[in-house]
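Have a look at the structure below before the remarks.
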Amino acid sequence: MTNNGPPDGRRTDGRSFEVDIDDVLDDEDEDDGDGLFDDLLSGEPIFENKEVLRPSYTPHELPHRNEQINNMATILVAALRGETPSNILIYGKTGTGKTASAKFVSQELEKTSRKYDVPCEVEYINCEVTDTQYRVLAQLANKFIDQNRAYVDERVDELEDLHTAARDDRAALDDTEFDSPREVQNRIDSRLDDKEDMEEVPMTGWPTDRVYSTFFDAVDYVERVAVIMLDEIDKLVEKSGDDTLYNLSRMNSELDNSRVSIIGISNDLKFTDFLDPRVKSSLGEEEIVFPPYDANQLRDILQHRSDTAFKEGALSDDVLPLCAAFAAQEHGDARRALDLLRTAGELAERDQADTVDEEHVRHAQDKIELDRVVEVVRTLPTQSKLVLYAIMTLEKHGVHNINTGEVYNIYKRLCDEIDADVLTQRRVTDLISELDMLGIVNAVVVSKGRYGRTKEINLSVPIEETETVLQADSRLGDIENVTPFVQARFDGDGKD
Ligand SMILES: Nc1ncnc2c1ncn2[C@@H]1O[C@H](COP(=O)(O)OP(=O)(O)OP(=O)(O)O)[C@@H](O)[C@H]1O
């Protein structure tokens, strides 16, 4: 249709993209094909539409989640009948499709509510980002205030039409609640006054009571069922207790026009142990569990997505089964499986290969694992970083099967170097166990016969990357050369 139009930049059609760029280069009289990007553009593209593999993409189909989706729909259909749906708690490990399924059901719910003109809205909040009572209530209040303003505008438009019609002919008011154009005008004025009073909640500064009452009034301004979806609800409880949930769950007894129902999503099965029993029973009226996917299910999910994500014939036969098998080994995480497939495709593209094959998947698995480690190490607290620095330094000097005393000695020297507090050896032992749990070191207890038992510690991640990440920390970057004191302890043992 738009042959002459500018390239839209989307990679849904690699060919037309390529042609457009060539045109541009020709126009500018460039050399034939040895610019920086020419090589990269010349290969057959692997991807048809890579966006489909990104976490932000919402799939239209969610294989192997029919049961959970139907359960949710059966509970939420009450909203379309004008009743209050039960609150729902959704549990399951990360990447099991909880958010994707809940969002899919909400979209369908809103779509149907528009079709039958039943007022029902779903508000989504990610509690990892919005993690205090103030922020949750403020965000909700402002969303409802926006909707109320739009509602007032629509009503005022309708009333103004009626007002004009009634001034020409009184009969226009026959089937309405108004007896005169004056009454219509009064109603218009009162709606506009309401709109004037709808003050948005600032992101800080108000007393919580005021935020709550503003939210309450905003929800109750029109008749509707409001479904509030709190994703990562455990983070909210962890950070700021259960007050928000307590307030939300008892609202219905006080609301006049509207009804509120809550969907909580969590990957921590135990978080309800910390809730007030009243909140716990109200929130958990219905519980839906999302089990991990097995390798076959992951393969189906990948198959669905890869059909639109990749060019035909770009995947060799063993790619999908291998991605599925790797992700199933983790804990049946679809996000991990999709990441793996996307990264494998990107690596193939970088190699300018015609197809993605097994080797790219294995490479991608290593790369993702390394990225994870780098991220975990980067976000460790300083004391853990110092302990890890000590272990890494010893390994770097050829010391393996390190014991806690050795780590502690180097750790103390490092603390001196950067003026950090020195923790007790017992605390350092705990930090080593935490590093072990994170998979960064491997610490095994070995028996030394009559000398008792000791821990043997080894680094389980590559030294070079670990060192780079640790040194990128501004405090640890100050550590000068630690070789002399390592060598003093292990004389002759640790020459590089
Ligand atoms: N059955 C499925 N079919 C297609 N894609 C899926 C399916 N299940 C999960 N996904 C995809 O996997 C990724 C992770 O899913 P989602 O965010 O829903 O997981 P989650 O259970 O909410 O995880 P978390 O607890 O970490 O938030 C998303 O990109 C989602 O689209």
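A note on labels: chains of the structure tokens are A, B, ... as shown, every chain counts residues from 1, and ligands are counted from 1 in their shown order.
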| said: Around ligand 1, out to 6 Å and counting only C-alpha atoms and all ligand atoms, which residues are there? I want them as a ChimeraX atom specification. | reply: /A:55,58-59,62-65,93-100,267,301,334-335
Using N, CA and C atoms, can you export the residues from the last selection as an mmCIF file, in the first residue's frame?
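The file below, result_21.cif, is the result:
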```
data_model
loop_
_atom_site.group_PDB
_atom_site.id
_atom_site.type_symbol
_atom_site.label_atom_id
_atom_site.label_comp_id
_atom_site.auth_asym_id
_atom_site.auth_seq_id
_atom_site.Cartn_x
_atom_site.Cartn_y
_atom_site.Cartn_z
ATOM 1 N N PRO A 55 9.917 -10.301 26.952
ATOM 2 C CA PRO A 55 8.983 -10.441 28.072
ATOM 3 C C PRO A 55 7.820 -9.452 27.990
ATOM 4 N N THR A 58 2.648 -9.529 24.991
ATOM 5 C CA THR A 58 1.548 -10.304 25.585
ATOM 6 C C THR A 58 1.001 -11.255 24.531
ATOM 7 N N PRO A 59 1.192 -12.572 24.745
ATOM 8 C CA PRO A 59 0.728 -13.509 23.725
ATOM 9 C C PRO A 59 -0.793 -13.586 23.681
ATOM 10 N N LEU A 62 -2.220 -18.820 25.323
ATOM 11 C CA LEU A 62 -1.355 -19.297 26.399
ATOM 12 C C LEU A 62 -1.547 -20.806 26.557
ATOM 13 N N PRO A 63 -0.808 -21.591 25.758
ATOM 14 C CA PRO A 63 -0.989 -23.032 25.831
ATOM 15 C C PRO A 63 -0.723 -23.549 27.241
ATOM 16 N N HIS A 64 -1.452 -24.571 27.642
ATOM 17 C CA HIS A 64 -1.296 -25.244 28.939
ATOM 18 C C HIS A 64 -1.701 -24.384 30.133
ATOM 19 N N ARG A 65 -2.461 -23.354 29.873
ATOM 20 C CA ARG A 65 -2.968 -22.566 30.998
ATOM 21 C C ARG A 65 -4.492 -22.448 30.942
ATOM 22 N N LYS A 93 5.586 -20.502 40.753
ATOM 23 C CA LYS A 93 6.969 -20.042 40.635
ATOM 24 C C LYS A 93 7.123 -19.047 39.491
ATOM 25 N N THR A 94 8.279 -18.417 39.459
ATOM 26 C CA THR A 94 8.513 -17.395 38.443
ATOM 27 C C THR A 94 8.476 -18.006 37.023
ATOM 28 N N GLY A 95 7.903 -17.250 36.094
ATOM 29 C CA GLY A 95 7.849 -17.699 34.697
ATOM 30 C C GLY A 95 6.810 -18.773 34.409
ATOM 31 N N THR A 96 5.810 -18.931 35.294
ATOM 32 C CA THR A 96 4.801 -19.958 35.043
ATOM 33 C C THR A 96 3.540 -19.374 34.400
ATOM 34 N N GLY A 97 3.640 -18.100 33.968
ATOM 35 C CA GLY A 97 2.527 -17.520 33.206
ATOM 36 C C GLY A 97 1.446 -16.869 34.050
ATOM 37 N N LYS A 98 1.732 -16.553 35.304
ATOM 38 C CA LYS A 98 0.701 -15.964 36.174
ATOM 39 C C LYS A 98 0.269 -14.585 35.644
ATOM 40 N N THR A 99 1.280 -13.716 35.440
ATOM 41 C CA THR A 99 0.940 -12.360 35.004
ATOM 42 C C THR A 99 0.299 -12.386 33.619
ATOM 43 N N ALA A 100 0.898 -13.154 32.708
ATOM 44 C CA ALA A 100 0.378 -13.203 31.340
ATOM 45 C C ALA A 100 -1.078 -13.680 31.351
ATOM 46 N N ASN A 267 4.830 -15.233 43.887
ATOM 47 C CA ASN A 267 5.565 -16.487 43.702
ATOM 48 C C ASN A 267 6.124 -16.998 45.024
ATOM 49 N N ILE A 301 4.994 -24.120 23.996
ATOM 50 C CA ILE A 301 4.970 -22.653 24.148
ATOM 51 C C ILE A 301 5.966 -22.025 23.179
ATOM 52 N N ALA A 334 8.978 -20.441 31.756
ATOM 53 C CA ALA A 334 8.790 -20.101 30.339
ATOM 54 C C ALA A 334 9.589 -18.863 29.956
ATOM 55 N N ARG A 335 9.763 -17.947 30.930
ATOM 56 C CA ARG A 335 10.536 -16.740 30.619
ATOM 57 C C ARG A 335 11.965 -17.129 30.244
#
```
Selection near Lys195 in chain A, 9 Å with only C-alpha atoms, sequence-local residues under 5 positions removed, as a PDB file with N, CA and C atoms, in the first residue's frame:
```pdb
ATOM      1  N   ILE A 145      -9.570   8.676  39.313  1.00  0.00           N
ATOM      2  CA  ILE A 145      -9.891  10.101  39.083  1.00  0.00           C
ATOM      3  C   ILE A 145      -9.868  10.395  37.581  1.00  0.00           C
ATOM      4  N   ASN A 148     -12.971   9.050  36.161  1.00  0.00           N
ATOM      5  CA  ASN A 148     -14.145   9.839  36.558  1.00  0.00           C
ATOM      6  C   ASN A 148     -14.244  11.127  35.752  1.00  0.00           C
ATOM      7  N   ARG A 149     -13.065  11.735  35.495  1.00  0.00           N
ATOM      8  CA  ARG A 149     -13.095  12.971  34.695  1.00  0.00           C
ATOM      9  C   ARG A 149     -13.620  12.694  33.295  1.00  0.00           C
ATOM     10  N   VAL A 152     -17.307  12.249  33.505  1.00  0.00           N
ATOM     11  CA  VAL A 152     -18.015  13.526  33.622  1.00  0.00           C
ATOM     12  C   VAL A 152     -18.095  14.206  32.252  1.00  0.00           C
ATOM     13  N   ASP A 153     -16.977  14.204  31.512  1.00  0.00           N
ATOM     14  CA  ASP A 153     -16.979  14.853  30.193  1.00  0.00           C
ATOM     15  C   ASP A 153     -18.049  14.250  29.290  1.00  0.00           C
ATOM     16  N   SER A 190     -23.457  20.953  38.298  1.00  0.00           N
ATOM     17  CA  SER A 190     -23.014  20.167  39.455  1.00  0.00           C
ATOM     18  C   SER A 190     -21.959  19.121  39.035  1.00  0.00           C
TER      19      SER A 190
END
```
| task | Just the residues within 9 Å of range 417-419 of chain A, please, counting only C-alpha atoms, with nothing from its chain fewer than 6 positions along; format it as a VMD selection string. | result | chain A and resid 475 to 476 478 to 480
| request: Going by DSSP on the backbone, which bits of range 381-466 of chain A are strand (DSSP E)? Write them as a PyMOL selection string, please. | output: chain A and resi 441-447+453-459
Deliver the residues from the most recent selection as a file, using C-alpha atoms, as a compact mmCIF listing (two decimals), in the first residue's frame.
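Generated file (selection-v4.txt):
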```
# COMPACT_ATOMS: atom_id res chain seq x y z
CA VAL A 441 30.84 -20.30 45.55
CA ASN A 442 30.70 -23.95 46.37
CA ALA A 443 31.31 -24.73 50.05
CA VAL A 444 31.41 -28.35 51.20
CA VAL A 445 31.97 -29.59 54.71
CA VAL A 446 34.71 -32.21 54.81
CA SER A 447 35.76 -34.33 57.72
CA ARG A 453 35.38 -30.87 60.26
CA THR A 454 36.14 -27.94 58.02
CA LYS A 455 34.60 -26.17 55.07
CA GLU A 456 36.31 -26.32 51.69
CA ILE A 457 35.40 -23.37 49.54
CA ASN A 458 35.83 -22.96 45.79
CA LEU A 459 34.66 -20.26 43.42
```
| query | Which value, in Å to one decimal, gives the distance between CA of Leu137 in chain A and CA of Phe104 in chain A? | reply |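 That distance, rounded to one decimal, is 23.9 Å.
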| message | List as a ChimeraX atom specification the protein and nucleic acid residues near Glu285 in chain A, meaning an atom at most 8 Å away when only C-alpha atoms are counted, but skip any in the same chain fewer than 4 places from it. | response | /A:86-89,281
| Distance criterion (only C-alpha atoms): nearest to Ile90 in chain A out of A:Asp217, A:Val136, A:Glu286, A:Val184 | A:Glu286
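Residues lying within 9 Å of Ala141 in chain A, counting only C-alpha atoms and ignoring same-chain neighbours fewer than 4 positions away, are A:Val136, A:Leu137, A:Ile145, A:Asp146, A:Glu200, A:Val201, A:Val211, A:Tyr212, A:Thr214, A:Phe215, A:Phe216, A:Asp217, A:Ala218, A:Val219.
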C-alpha atoms of the current selection, written as a PDB file, in the first residue's frame:
```pdb
ATOM      1  CA  VAL A 136      -0.578   1.905  45.917  1.00  0.00           C
ATOM      2  CA  LEU A 137      -3.546   3.984  47.088  1.00  0.00           C
ATOM      3  CA  ILE A 145      -9.891  10.101  39.083  1.00  0.00           C
ATOM      4  CA  ASP A 146      -8.811  10.034  35.419  1.00  0.00           C
ATOM      5  CA  GLU A 200      -5.101  14.233  42.060  1.00  0.00           C
ATOM      6  CA  VAL A 201      -3.049  12.703  44.866  1.00  0.00           C
ATOM      7  CA  VAL A 211      -5.086   9.406  50.345  1.00  0.00           C
ATOM      8  CA  TYR A 212      -7.376   6.570  51.394  1.00  0.00           C
ATOM      9  CA  THR A 214      -9.664  10.279  48.111  1.00  0.00           C
ATOM     10  CA  PHE A 215      -9.255   6.803  46.657  1.00  0.00           C
ATOM     11  CA  PHE A 216     -12.486   5.661  48.318  1.00  0.00           C
ATOM     12  CA  ASP A 217     -14.475   8.613  46.930  1.00  0.00           C
ATOM     13  CA  ALA A 218     -12.958   8.164  43.479  1.00  0.00           C
ATOM     14  CA  VAL A 219     -13.951   4.464  43.298  1.00  0.00           C
TER      15      VAL A 219
END
```
| task | Point out the residue among A:Leu80, A:Ile288, A:Ala73, A:Leu386 with the least atom-to-atom distance to Cys415 in chain A, counting only C-alpha atoms. | result | A:Leu386
Please report, as JSON lines, each residue of range 250-295 of chain A lying at most 12 Å from range 106-130 of chain A, together with the nearest pair of atoms and the separation in Å rounded to one decimal; use only C-alpha atoms, and order rows by chain and ascending residue number.
```
{"residue": "A:Asn257", "atom": "CA", "partner": "A:Pro119", "partner_atom": "CA", "distance": 11.3}
{"residue": "A:Ser258", "atom": "CA", "partner": "A:Pro119", "partner_atom": "CA", "distance": 9.5}
{"residue": "A:Arg259", "atom": "CA", "partner": "A:Cys120", "partner_atom": "CA", "distance": 9.5}
{"residue": "A:Val260", "atom": "CA", "partner": "A:Glu121", "partner_atom": "CA", "distance": 9.8}
{"residue": "A:Ser261", "atom": "CA", "partner": "A:Val122", "partner_atom": "CA", "distance": 9.4}
{"residue": "A:Ile262", "atom": "CA", "partner": "A:Val122", "partner_atom": "CA", "distance": 9.6}
{"residue": "A:Ile263", "atom": "CA", "partner": "A:Tyr124", "partner_atom": "CA", "distance": 9.3}
{"residue": "A:Gly264", "atom": "CA", "partner": "A:Ile125", "partner_atom": "CA", "distance": 9.9}
{"residue": "A:Ile265", "atom": "CA", "partner": "A:Asn126", "partner_atom": "CA", "distance": 9.5}
{"residue": "A:Ser266", "atom": "CA", "partner": "A:Cys127", "partner_atom": "CA", "distance": 10.1}
```
| query | From the set A:Asn409, A:Ser460, A:Thr382, A:Thr429, which residue has the shortest atom-to-atom contact distance to Glu395 in chain A, counting only C-alpha atoms? | reply | A:Ser460
| said: Rounded to one decimal, what separation in Å do you get between CA of Ala165 in chain A and CA of Gln185 in chain A? | reply: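 Answer for the CA of Ala165 in chain A to CA of Gln185 in chain A separation: 12.3 Å.
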